[in-house]
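Structure below is target23.cif: mmCIF, C-alpha atoms.
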```cif
data_work
#
loop_
_atom_site.label_atom_id
_atom_site.label_comp_id
_atom_site.auth_asym_id
_atom_site.auth_seq_id
_atom_site.Cartn_x
_atom_site.Cartn_y
_atom_site.Cartn_z
CA MET L 1 12.00 7.07 6.98
CA THR L 2 13.57 4.98 4.23
CA ARG L 3 11.96 4.25 0.87
CA ARG L 4 11.61 0.66 1.88
CA GLU L 5 9.69 1.73 5.00
CA PHE L 6 7.48 3.97 2.82
CA ALA L 7 6.37 0.99 0.72
CA GLY L 8 6.95 -1.71 3.31
CA THR L 9 3.48 -3.20 3.11
CA THR L 10 4.57 -5.28 0.17
CA LEU L 11 7.77 -6.36 1.90
CA THR L 12 6.80 -7.19 5.47
CA VAL L 13 4.68 -10.14 6.54
CA ALA L 14 3.26 -10.75 10.00
CA GLY L 15 0.86 -13.64 10.05
CA ALA L 16 -2.10 -14.38 7.83
CA ALA L 17 -3.91 -11.34 6.53
CA ALA L 18 -7.42 -10.91 7.83
CA LEU L 19 -10.04 -10.91 5.11
CA PRO L 20 -13.34 -9.68 6.55
CA ALA L 21 -16.32 -8.74 4.42
CA ALA L 22 -16.85 -5.00 4.23
CA GLY L 23 -19.73 -3.89 6.37
CA ALA L 24 -19.19 -0.45 7.84
CA ALA L 25 -21.42 2.38 6.72
CA ALA L 26 -19.90 5.05 4.54
CA CYS L 27 -19.46 8.27 6.47
CA ALA L 28 -17.29 10.41 4.23
CA GLY L 29 -15.44 10.56 0.94
CA GLU L 30 -16.32 8.96 -2.36
CA THR L 31 -18.95 6.25 -2.03
CA ARG L 32 -18.56 2.74 -3.30
CA PRO L 33 -20.23 -0.64 -2.70
CA SER L 34 -19.52 -2.17 0.71
CA THR L 35 -20.18 -5.84 -0.04
CA ASP L 36 -18.36 -8.21 -2.34
CA SER L 37 -21.40 -8.88 -4.52
CA GLU L 38 -22.17 -5.19 -4.92
CA ALA L 39 -18.52 -4.44 -5.65
CA ASP L 40 -18.44 -7.10 -8.35
CA ALA L 41 -21.61 -5.73 -9.89
CA ALA L 42 -20.17 -2.22 -9.93
CA ALA L 43 -16.95 -3.50 -11.48
CA GLY L 44 -18.84 -5.05 -14.38
CA ALA L 45 -19.36 -8.62 -15.43
CA ALA L 46 -16.40 -10.84 -14.56
CA ARG L 47 -14.35 -12.42 -17.29
CA PRO L 48 -13.10 -15.57 -15.58
CA GLY L 49 -9.61 -16.58 -16.51
CA ARG L 50 -6.51 -18.31 -15.22
CA LEU L 51 -4.53 -16.11 -12.86
CA LEU L 52 -1.00 -16.71 -11.59
CA ILE L 53 0.17 -14.71 -8.56
CA LEU L 54 3.89 -14.66 -7.80
CA GLY L 55 3.67 -14.51 -4.00
CA GLY L 56 0.11 -14.25 -2.75
CA THR L 57 0.26 -15.09 0.97
CA GLY L 58 1.62 -11.93 2.59
CA PHE L 59 -0.59 -8.84 3.07
CA ILE L 60 -1.83 -7.61 -0.30
CA GLY L 61 -1.75 -11.03 -1.98
CA PRO L 62 -4.54 -12.66 0.04
CA HIS L 63 -6.91 -9.81 -0.70
CA MET L 64 -6.14 -10.21 -4.40
CA VAL L 65 -6.72 -13.96 -4.19
CA GLN L 66 -10.02 -13.50 -2.40
CA HIS L 67 -11.29 -10.93 -4.91
CA ALA L 68 -10.16 -12.99 -7.89
CA LEU L 69 -11.88 -16.11 -6.56
CA ALA L 70 -15.07 -14.12 -5.90
CA ARG L 71 -15.06 -13.08 -9.55
CA GLY L 72 -14.70 -16.65 -10.74
CA HIS L 73 -11.03 -16.74 -11.68
CA GLU L 74 -8.93 -19.88 -11.44
CA VAL L 75 -6.01 -18.90 -9.22
CA THR L 76 -2.53 -20.40 -8.97
CA LEU L 77 0.08 -19.25 -6.45
CA PHE L 78 3.83 -19.52 -6.91
CA ASN L 79 5.94 -19.08 -3.78
CA ARG L 80 8.37 -20.82 -1.45
CA GLY L 81 5.62 -22.21 0.75
CA ARG L 82 7.03 -20.57 3.87
CA THR L 83 4.60 -17.73 4.58
CA ASN L 84 1.12 -18.76 5.69
CA PRO L 85 1.13 -22.14 3.93
CA GLY L 86 -2.37 -23.52 3.55
CA LEU L 87 -3.99 -20.08 3.69
CA PHE L 88 -6.05 -20.99 0.63
CA PRO L 89 -6.40 -24.81 0.73
CA GLY L 90 -8.48 -24.95 -2.44
CA VAL L 91 -6.02 -22.91 -4.50
CA GLU L 92 -3.24 -24.54 -6.51
CA THR L 93 0.18 -23.64 -5.12
CA LEU L 94 3.39 -24.21 -7.04
CA ILE L 95 6.45 -24.37 -4.81
CA GLY L 96 9.66 -22.81 -6.01
CA ASP L 97 11.97 -19.84 -5.68
CA ARG L 98 12.42 -16.87 -7.98
CA ASP L 99 16.15 -17.17 -7.54
CA GLY L 100 16.97 -20.23 -9.65
CA ALA L 101 14.03 -22.53 -8.93
CA LEU L 102 11.36 -21.69 -11.52
CA ASP L 103 10.79 -25.17 -12.91
CA ALA L 104 7.29 -25.43 -11.42
CA LEU L 105 6.20 -22.67 -13.82
CA ARG L 106 7.31 -24.46 -16.96
CA GLY L 107 4.83 -26.04 -19.34
CA LYS L 108 1.79 -24.15 -18.00
CA GLU L 109 -0.30 -21.28 -19.32
CA TRP L 110 -2.24 -18.45 -17.69
CA ASP L 111 -4.29 -15.53 -18.90
CA TYR L 112 -2.96 -13.13 -16.28
CA VAL L 113 0.01 -12.75 -13.95
CA ILE L 114 0.29 -10.53 -10.87
CA ASP L 115 3.88 -10.11 -9.73
CA ASN L 116 3.83 -9.05 -6.07
CA SER L 117 7.28 -10.33 -5.15
CA GLY L 118 9.65 -8.71 -7.64
CA TYR L 119 12.33 -6.55 -6.04
CA VAL L 120 15.51 -7.53 -7.91
CA PRO L 121 15.68 -6.82 -11.67
CA ARG L 122 17.57 -10.04 -12.45
CA LEU L 123 14.88 -12.15 -10.85
CA VAL L 124 12.04 -10.21 -12.46
CA ARG L 125 13.73 -10.66 -15.81
CA ASP L 126 14.19 -14.40 -15.23
CA SER L 127 10.56 -15.12 -14.36
CA GLY L 128 9.22 -12.62 -16.87
CA SER L 129 11.20 -14.15 -19.71
CA LEU L 130 10.18 -17.68 -18.76
CA LEU L 131 6.48 -16.72 -18.73
CA ARG L 132 6.51 -14.44 -21.78
CA ASP L 133 4.95 -16.95 -24.17
CA ALA L 134 2.78 -18.62 -21.54
CA VAL L 135 0.69 -15.66 -20.30
CA GLY L 136 -1.48 -12.89 -21.65
CA ARG L 137 -1.08 -9.79 -19.46
CA TYR L 138 1.62 -9.32 -16.81
CA LEU L 139 0.89 -6.88 -13.96
CA PHE L 140 3.89 -5.79 -11.94
CA THR L 141 3.42 -4.37 -8.44
CA SER L 142 5.80 -1.45 -8.10
CA THR L 143 5.97 1.46 -5.66
CA GLY L 144 5.82 5.22 -5.39
CA SER L 145 9.38 4.98 -4.10
CA VAL L 146 10.55 4.99 -7.71
CA TYR L 147 10.01 8.77 -7.73
CA ASP L 148 12.38 11.53 -6.74
CA PHE L 149 10.31 12.95 -3.87
CA ASP L 150 11.80 16.44 -4.33
CA GLN L 151 8.95 17.51 -6.62
CA ASP L 152 5.73 19.44 -6.01
CA GLU L 153 3.57 16.58 -7.24
CA LEU L 154 4.01 13.07 -8.58
CA PRO L 155 2.03 12.10 -11.68
CA GLU L 156 3.17 9.00 -13.54
CA ASP L 157 5.54 11.01 -15.75
CA ALA L 158 7.28 12.71 -12.82
CA ARG L 159 11.04 12.42 -12.46
CA LEU L 160 12.23 8.99 -11.32
CA LEU L 161 15.26 8.13 -9.23
CA GLU L 162 18.58 7.84 -10.98
CA VAL L 163 20.09 4.39 -10.64
CA ALA L 164 23.54 4.90 -9.14
CA ASP L 165 24.57 1.23 -9.02
CA PRO L 166 22.69 -0.88 -11.60
CA GLU L 167 24.59 -4.03 -10.58
CA SER L 168 23.60 -3.89 -6.91
CA GLU L 169 20.91 -6.20 -5.53
CA ASP L 170 20.81 -4.55 -2.10
CA VAL L 171 17.05 -4.02 -1.77
CA GLY L 172 17.34 -2.37 1.63
CA ARG L 173 19.65 0.34 0.29
CA TYR L 174 18.35 0.73 -3.26
CA TYR L 175 14.70 -0.26 -2.96
CA GLY L 176 13.28 2.48 -5.20
CA GLU L 177 16.10 2.37 -7.72
CA LEU L 178 15.79 -1.40 -8.10
CA LYS L 179 12.05 -1.09 -8.65
CA VAL L 180 12.78 1.37 -11.48
CA LEU L 181 14.89 -1.31 -13.14
CA CYS L 182 12.25 -3.99 -12.46
CA GLU L 183 9.66 -1.85 -14.23
CA GLU L 184 12.00 -1.44 -17.19
CA ALA L 185 12.48 -5.22 -17.39
CA VAL L 186 8.72 -5.82 -17.49
CA ARG L 187 8.26 -3.25 -20.25
CA GLU L 188 11.11 -4.68 -22.30
CA ILE L 189 9.78 -8.23 -22.06
CA TYR L 190 6.04 -7.60 -22.38
CA GLY L 191 5.68 -4.30 -24.19
CA ASP L 192 1.97 -3.45 -24.45
CA ARG L 193 1.10 -6.61 -22.50
CA GLY L 194 2.77 -5.20 -19.39
CA THR L 195 0.99 -3.19 -16.67
CA VAL L 196 2.67 -1.43 -13.74
CA THR L 197 0.98 -0.25 -10.56
CA ARG L 198 2.88 2.14 -8.29
CA LEU L 199 1.53 1.74 -4.78
CA HIS L 200 1.37 4.30 -2.02
CA VAL L 201 1.12 3.22 1.63
CA VAL L 202 -1.31 0.27 1.68
CA ALA L 203 -3.87 0.20 4.51
CA GLY L 204 -6.61 -2.06 5.76
CA PRO L 205 -7.27 -5.28 7.67
CA GLY L 206 -4.19 -7.46 7.94
CA ASP L 207 -1.61 -4.67 7.55
CA PRO L 208 1.56 -5.72 9.41
CA THR L 209 3.14 -2.25 9.36
CA ASP L 210 0.53 -0.35 11.44
CA ARG L 211 1.19 2.89 9.59
CA PHE L 212 -2.48 3.59 8.91
CA THR L 213 -3.66 1.41 11.79
CA TYR L 214 -1.89 3.62 14.33
CA TRP L 215 -4.42 6.42 13.86
CA PRO L 216 -7.72 4.52 14.35
CA VAL L 217 -6.18 2.77 17.36
CA ARG L 218 -4.86 6.01 18.85
CA VAL L 219 -8.15 7.85 18.36
CA HIS L 220 -10.10 4.89 19.73
CA HIS L 221 -7.92 4.99 22.85
CA GLY L 222 -9.19 8.52 23.48
CA GLY L 223 -7.73 11.45 25.36
CA GLU L 224 -5.66 14.29 23.95
CA VAL L 225 -4.12 13.31 20.61
CA ILE L 226 -1.16 15.04 18.98
CA ALA L 227 -2.20 16.30 15.55
CA PRO L 228 1.10 16.79 13.73
CA GLY L 229 1.97 19.81 11.63
CA ASP L 230 -0.49 21.80 9.57
CA MET L 231 -4.19 21.08 9.26
CA ASP L 232 -3.95 21.24 5.47
CA ASN L 233 -1.00 18.85 5.19
CA PRO L 234 -2.03 16.17 2.67
CA VAL L 235 -2.51 12.53 3.68
CA GLN L 236 -2.51 9.61 1.24
CA PHE L 237 -2.89 5.83 1.37
CA ILE L 238 -4.71 3.10 -0.54
CA ASP L 239 -7.09 0.58 0.98
CA VAL L 240 -5.83 -2.92 0.18
CA ARG L 241 -9.30 -3.94 -1.05
CA ASP L 242 -9.39 -1.03 -3.49
CA LEU L 243 -5.94 -2.05 -4.71
CA ALA L 244 -7.02 -5.66 -5.25
CA GLU L 245 -10.14 -4.65 -7.14
CA PHE L 246 -8.25 -2.22 -9.35
CA CYS L 247 -5.57 -4.75 -10.26
CA MET L 248 -8.16 -7.34 -11.28
CA HIS L 249 -10.05 -4.67 -13.23
CA LEU L 250 -6.90 -3.79 -15.18
CA LEU L 251 -6.31 -7.45 -15.99
CA GLU L 252 -9.90 -8.20 -16.99
CA GLU L 253 -10.04 -5.11 -19.20
CA ASP L 254 -6.61 -5.93 -20.69
CA THR L 255 -5.37 -2.46 -19.76
CA GLY L 256 -1.70 -1.66 -20.17
CA GLY L 257 0.36 1.26 -18.89
CA THR L 258 1.63 2.63 -15.61
CA PHE L 259 -0.70 3.75 -12.82
CA ASN L 260 -0.26 5.46 -9.48
CA VAL L 261 -2.49 3.91 -6.82
CA ALA L 262 -3.02 6.44 -4.03
CA GLY L 263 -6.18 7.66 -2.29
CA PRO L 264 -8.35 8.01 -0.30
CA THR L 265 -9.81 10.62 -2.65
CA LEU L 266 -8.76 11.90 -6.04
CA ASP L 267 -8.33 15.55 -5.07
CA GLY L 268 -6.53 15.00 -1.79
CA THR L 269 -7.34 14.62 1.89
CA ARG L 270 -6.16 17.09 4.52
CA MET L 271 -4.73 16.00 7.84
CA ASP L 272 -7.66 17.56 9.71
CA GLU L 273 -10.16 15.75 7.46
CA PHE L 274 -8.25 12.53 8.04
CA LEU L 275 -8.22 12.79 11.84
CA TYR L 276 -11.79 14.00 12.25
CA GLY L 277 -12.96 11.39 9.78
CA ILE L 278 -11.44 8.68 11.95
CA ARG L 279 -12.92 10.26 15.06
CA ALA L 280 -16.38 9.86 13.50
CA VAL L 281 -16.17 6.05 13.63
CA THR L 282 -15.47 5.79 17.37
CA THR L 283 -17.38 6.74 20.51
CA SER L 284 -14.24 7.59 22.47
CA ARG L 285 -13.84 10.99 24.12
CA VAL L 286 -10.97 12.51 22.19
CA SER L 287 -9.49 15.92 21.44
CA PHE L 288 -6.79 17.00 18.98
CA THR L 289 -4.01 19.43 19.73
CA TRP L 290 -2.17 20.73 16.68
CA VAL L 291 1.58 20.83 17.27
CA ASP L 292 3.97 22.75 15.04
CA GLU L 293 6.02 20.73 12.54
CA ALA L 294 9.40 22.20 13.49
CA PHE L 295 8.67 21.68 17.19
CA LEU L 296 7.83 18.01 16.63
CA ARG L 297 10.77 17.27 14.38
CA ASN L 298 13.16 18.59 17.00
CA ARG L 299 11.80 16.03 19.48
CA GLU L 300 10.61 12.95 17.62
CA PRO L 301 11.45 11.08 14.39
CA PRO L 302 8.71 11.54 11.76
CA VAL L 303 7.84 7.83 11.83
CA ARG L 304 6.33 8.37 15.28
CA PHE L 305 3.34 9.89 13.47
CA PRO L 306 2.85 7.68 10.41
CA LEU L 307 1.30 9.00 7.19
CA TRP L 308 2.49 12.48 8.16
CA TYR L 309 4.68 13.61 5.29
CA SER L 310 5.46 17.31 5.26
CA HIS L 311 4.31 19.28 2.25
CA ARG L 312 7.49 21.31 2.58
CA GLY L 313 11.09 20.45 1.87
CA PRO L 314 12.84 17.82 -0.25
CA THR L 315 10.32 15.02 0.40
CA ARG L 316 7.21 17.13 -0.23
CA GLY L 317 6.09 14.95 -3.15
CA LEU L 318 5.46 11.98 -0.85
CA ALA L 319 1.85 12.99 -0.19
CA GLN L 320 1.26 14.63 -3.57
CA VAL L 321 0.88 11.49 -5.67
CA ARG L 322 -1.57 11.96 -8.55
CA SER L 323 -3.84 9.03 -9.42
CA HIS L 324 -6.02 10.66 -12.09
CA ARG L 325 -4.86 8.19 -14.71
CA GLY L 326 -5.84 5.29 -12.48
CA VAL L 327 -9.27 6.74 -11.74
CA GLU L 328 -9.88 7.13 -15.47
CA ALA L 329 -8.97 3.44 -15.84
CA GLY L 330 -11.33 2.29 -13.07
CA LEU L 331 -9.61 2.93 -9.73
CA ARG L 332 -12.13 3.63 -6.96
CA PHE L 333 -11.72 4.60 -3.32
CA ARG L 334 -13.93 3.42 -0.49
CA PRO L 335 -14.61 6.06 2.17
CA LEU L 336 -12.04 6.76 4.86
CA ALA L 337 -14.63 5.81 7.48
CA VAL L 338 -14.94 2.30 6.05
CA THR L 339 -11.20 1.70 6.03
CA ALA L 340 -10.81 3.14 9.53
CA ARG L 341 -13.69 1.20 11.10
CA GLU L 342 -12.85 -2.14 9.51
CA THR L 343 -9.14 -1.79 10.21
CA LEU L 344 -9.89 -0.99 13.85
CA ASP L 345 -12.30 -3.94 14.12
CA TRP L 346 -9.66 -6.25 12.68
CA PHE L 347 -6.94 -4.95 14.99
CA LEU L 348 -9.04 -5.20 18.13
CA GLY L 349 -9.76 -8.81 17.27
CA GLU L 350 -6.08 -9.72 16.99
CA PRO L 351 -4.25 -11.62 19.79
CA GLU L 352 -2.83 -9.47 22.57
CA GLU L 353 0.72 -10.27 21.49
CA ARG L 354 0.03 -8.79 18.07
CA ARG L 355 -1.73 -5.72 19.47
CA GLU L 356 1.20 -4.99 21.74
CA GLN L 357 3.42 -4.55 18.69
CA LEU L 358 1.71 -1.19 18.07
CA GLN L 359 3.36 1.18 20.50
CA LEU L 360 1.21 4.27 21.19
CA ASN L 361 3.79 5.73 23.62
CA LEU L 362 1.20 7.82 25.47
CA ASP L 363 3.63 8.94 28.18
CA ARG L 364 5.91 10.47 25.58
CA ASP L 365 2.94 12.16 23.91
CA ALA L 366 2.00 13.73 27.23
CA GLU L 367 5.55 15.09 27.64
CA ILE L 368 5.47 16.60 24.14
CA LEU L 369 2.08 18.20 24.74
CA ALA L 370 3.22 19.64 28.06
CA ASP L 371 6.32 21.16 26.47
CA TRP L 372 4.26 22.58 23.62
CA LYS L 373 1.79 24.26 25.97
CA ASN L 374 4.62 25.70 28.09
CA LEU L 375 6.21 27.60 25.22
#
```

Will you turn the file into structure tokens for me?
Amino acid sequence: MTRREFAGTTLTVAGAAALPAAGAAACAGETRPSTDSEADAAAGAARPGRLLILGGTGFIGPHMVQHALARGHEVTLFNRGRTNPGLFPGVETLIGDRDGALDALRGKEWDYVIDNSGYVPRLVRDSGSLLRDAVGRYLFTSTGSVYDFDQDELPEDARLLEVADPESEDVGRYYGELKVLCEEAVREIYGDRGTVTRLHVVAGPGDPTDRFTYWPVRVHHGGEVIAPGDMDNPVQFIDVRDLAEFCMHLLEEDTGGTFNVAGPTLDGTRMDEFLYGIRAVTTSRVSFTWVDEAFLRNREPPVRFPLWYSHRGPTRGLAQVRSHRGVEAGLRFRPLAVTARETLDWFLGEPEERREQLQLNLDRDAEILADWKNL
């Protein structure tokens, strides 16, 4: 798995993101409101302002737009107009390109900026410099891929990647390293007015990557499910709605700094808790068979079982991201059951062509299980 695949939810777009109202009952984990009005009340009184989102029509952007509008903000989008044009017909959209076509941003002012589309330091520096005197707070969407994963845990002050080629703009090869430089550009330009969020795997309705979605769909299908590795292996992700709410909270509270954004609980979720928590939201007849990590890795690439990141070896920090600083600043996690149920409901309502993109590969699972039991 590459670093770009790890944080691919902010890079990959597959149709308009679904934006259903939350409605599933909380079954486990930390509780939180399940309706927009209750969530807004819990988040405190809104402070309506003018918000510019660089991007805004992929996966995480629409959830941010929806939440911002619900809290009374005046939203403007800046993008190329190619992905899901017309998704928000009542929202002002400025057409341009971060690479040399920023004129649509000139002569305007905003209270807040969310930068969801910054991957190349040169381009982040260009737009950041142009907007420096026209905005209040600038929130940059970064990634946990900035960290060296060969660490026992990853708080915000953990060791970052060393930038081997600072002149390269090859995002596919140097995704994490380039994000390190993008963060540095935002801090240099905005100082205390800059905020950085480092995202873990983003989950929820509309996710084009199916990394979280795989598990509710697989459990819903029923039968004997491969449970990879150890029961106590940690699992982490962030619900896209929790991400959107946290980002707006940081902007409204004028909070600067760098924050990890990883859940679904503060103190960690085990793989067995994750799988049995998902099982609780379905009525399918399902069983789990735990298969040894070394056995699986000799037969299948790790991406076959998404969100499974071994707590051993040189990438052990991947599922040991610490979000205590974010929680202190207002980050909240909705229960796993809510994310699982609403993601499954969204997926099952998608066109067949879209649903077929998620390959369960049940025949191969049966072969693996048979080999495991024959040892």

Atomic distance atom CA of Leu160 of chain L - atom CA of Ser323 of chain L, expressed in Å with one decimal: 16.2 Å

Proximity to Asp133 of chain L - best of L:Gly330, L:Gly107, L:Pro62, L:Gly118, all atoms listed in the file: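 Between L:Gly330, L:Gly107, L:Pro62, L:Gly118, the residue approaching Asp133 of chain L most closely is L:Gly107.
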
Using only C-alpha atoms, which residues sit within 9 Å of Thr213 of chain L once same-chain residues fewer than 5 positions away are excluded, as a PDB file with C-alpha atoms, keeping the file's coordinate frame?
```
ATOM      1  CA  ALA L 203      -3.870   0.200   4.510  1.00  0.00           C
ATOM      2  CA  GLY L 204      -6.610  -2.060   5.760  1.00  0.00           C
ATOM      3  CA  PRO L 205      -7.270  -5.280   7.670  1.00  0.00           C
ATOM      4  CA  ASP L 207      -1.610  -4.670   7.550  1.00  0.00           C
ATOM      5  CA  ARG L 218      -4.860   6.010  18.850  1.00  0.00           C
ATOM      6  CA  ALA L 340     -10.810   3.140   9.530  1.00  0.00           C
ATOM      7  CA  THR L 343      -9.140  -1.790  10.210  1.00  0.00           C
ATOM      8  CA  LEU L 344      -9.890  -0.990  13.850  1.00  0.00           C
ATOM      9  CA  PHE L 347      -6.940  -4.950  14.990  1.00  0.00           C
ATOM     10  CA  LEU L 358       1.710  -1.190  18.070  1.00  0.00           C
TER      11      LEU L 358
END
```

From L:His324, L:Arg122, L:Arg187, L:His311, residue lying nearest Asp230 of chain L [all atoms listed in the file]: L:His311

Selection result of the PyMOL selection byres ((chain L and resi 202) around 7) on this file, as a PyMOL selection string: chain L and resi 9+200-201+203+237-240

Selection result of the PyMOL selection byres ((chain L and resi 234-236) around 7) on this file, as a PyMOL selection string: chain L and resi 232-233+237+262-264+268-271+307-308+319

The PyMOL selection byres ((chain L and resi 247-249) around 8) - which residues does that actually catch in the file I just gave you? List them as a short mmCIF file (atom, residue, chain, number, x, y, z; two decimals) with C-alpha atoms, in the coordinates of the input.
```cif
data_model
loop_
_atom_site.label_atom_id
_atom_site.label_comp_id
_atom_site.auth_asym_id
_atom_site.auth_seq_id
_atom_site.Cartn_x
_atom_site.Cartn_y
_atom_site.Cartn_z
CA ALA L 43 -16.95 -3.50 -11.48
CA MET L 64 -6.14 -10.21 -4.40
CA HIS L 67 -11.29 -10.93 -4.91
CA ALA L 68 -10.16 -12.99 -7.89
CA LEU L 139 0.89 -6.88 -13.96
CA THR L 197 0.98 -0.25 -10.56
CA LEU L 243 -5.94 -2.05 -4.71
CA ALA L 244 -7.02 -5.66 -5.25
CA GLU L 245 -10.14 -4.65 -7.14
CA PHE L 246 -8.25 -2.22 -9.35
CA LEU L 250 -6.90 -3.79 -15.18
CA LEU L 251 -6.31 -7.45 -15.99
CA GLU L 252 -9.90 -8.20 -16.99
CA GLU L 253 -10.04 -5.11 -19.20
CA GLY L 330 -11.33 2.29 -13.07
#
```

Within 9 Å of Ala366 of chain L using only C-alpha atoms, minus same-chain residues under 5 positions, as an MDAnalysis selection string: chainID L and resid 224 226 361 371

Thr141 of chain L surroundings by only C-alpha atoms, 10 Å radius, close-in-sequence under 4 positions cut, as a PyMOL selection string: chain L and resi 10+114-119+179+182-183+195-199+247

Between atom CA of Leu77 of chain L and atom CA of Gly56 of chain L - distance in Å to one decimal: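 Answer for the atom CA of Gly56 of chain L to atom CA of Leu77 of chain L separation: 6.2 Å.
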
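Relative to atom CA of Asp272 of chain L, atom CA of Ala370 of chain L is found at 21.4 Å.
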
Selected residue of minimal separation from Gly58 of chain L among L:His73, L:Arg82, L:Arg241, L:Arg159, counting all atoms listed in the file: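 Closest to Gly58 of chain L, using all atoms listed in the file: L:Arg82.
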
Exercise: residues within 6 Å of coordinate (0.9, -8.7, -20.6), counting only C-alpha atoms, as a list in words: Gly136, Arg137, Tyr138, Tyr190, Arg193 and Gly194 of chain L

Please identify every residue of segment 150-235 of chain L that has at least one atom no farther than 10 Å from an atom of segment 279-283 of chain L, counting only C-alpha atoms, and for each give the shortest atom pair and the distance in Å to one decimal, arranged by chain then increasing number, as CSV.
```
residue,atom,partner,partner_atom,distance
L:Trp215,CA,L:Arg279,CA,9.4
L:Pro216,CA,L:Arg279,CA,7.8
L:Val217,CA,L:Thr282,CA,9.8
L:Arg218,CA,L:Arg279,CA,9.9
L:Val219,CA,L:Arg279,CA,6.3
L:His220,CA,L:Thr282,CA,5.9
L:His221,CA,L:Thr282,CA,9.4
L:Gly222,CA,L:Thr283,CA,8.9
```

Neighbour list for Arg125 of chain L as JSON, numbers by chain, cut-off 10 Å, only C-alpha atoms, skip fewer than 5 positions in-chain: {"L": [118, 120, 130, 131, 181, 182, 183, 184, 185, 186, 188, 189]}

Residue with smallest distance to Pro228 of chain L - pool L:Val146, L:Leu336, L:Val303, L:Ala164, counting only C-alpha atoms: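 The shortest atom-to-atom distance to Pro228 of chain L comes from L:Val303.
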
For Arg354 of chain L: contacts at 12 Å, only C-alpha atoms, fewer than 2 positions along chain excluded, given as a count of residues only: 19
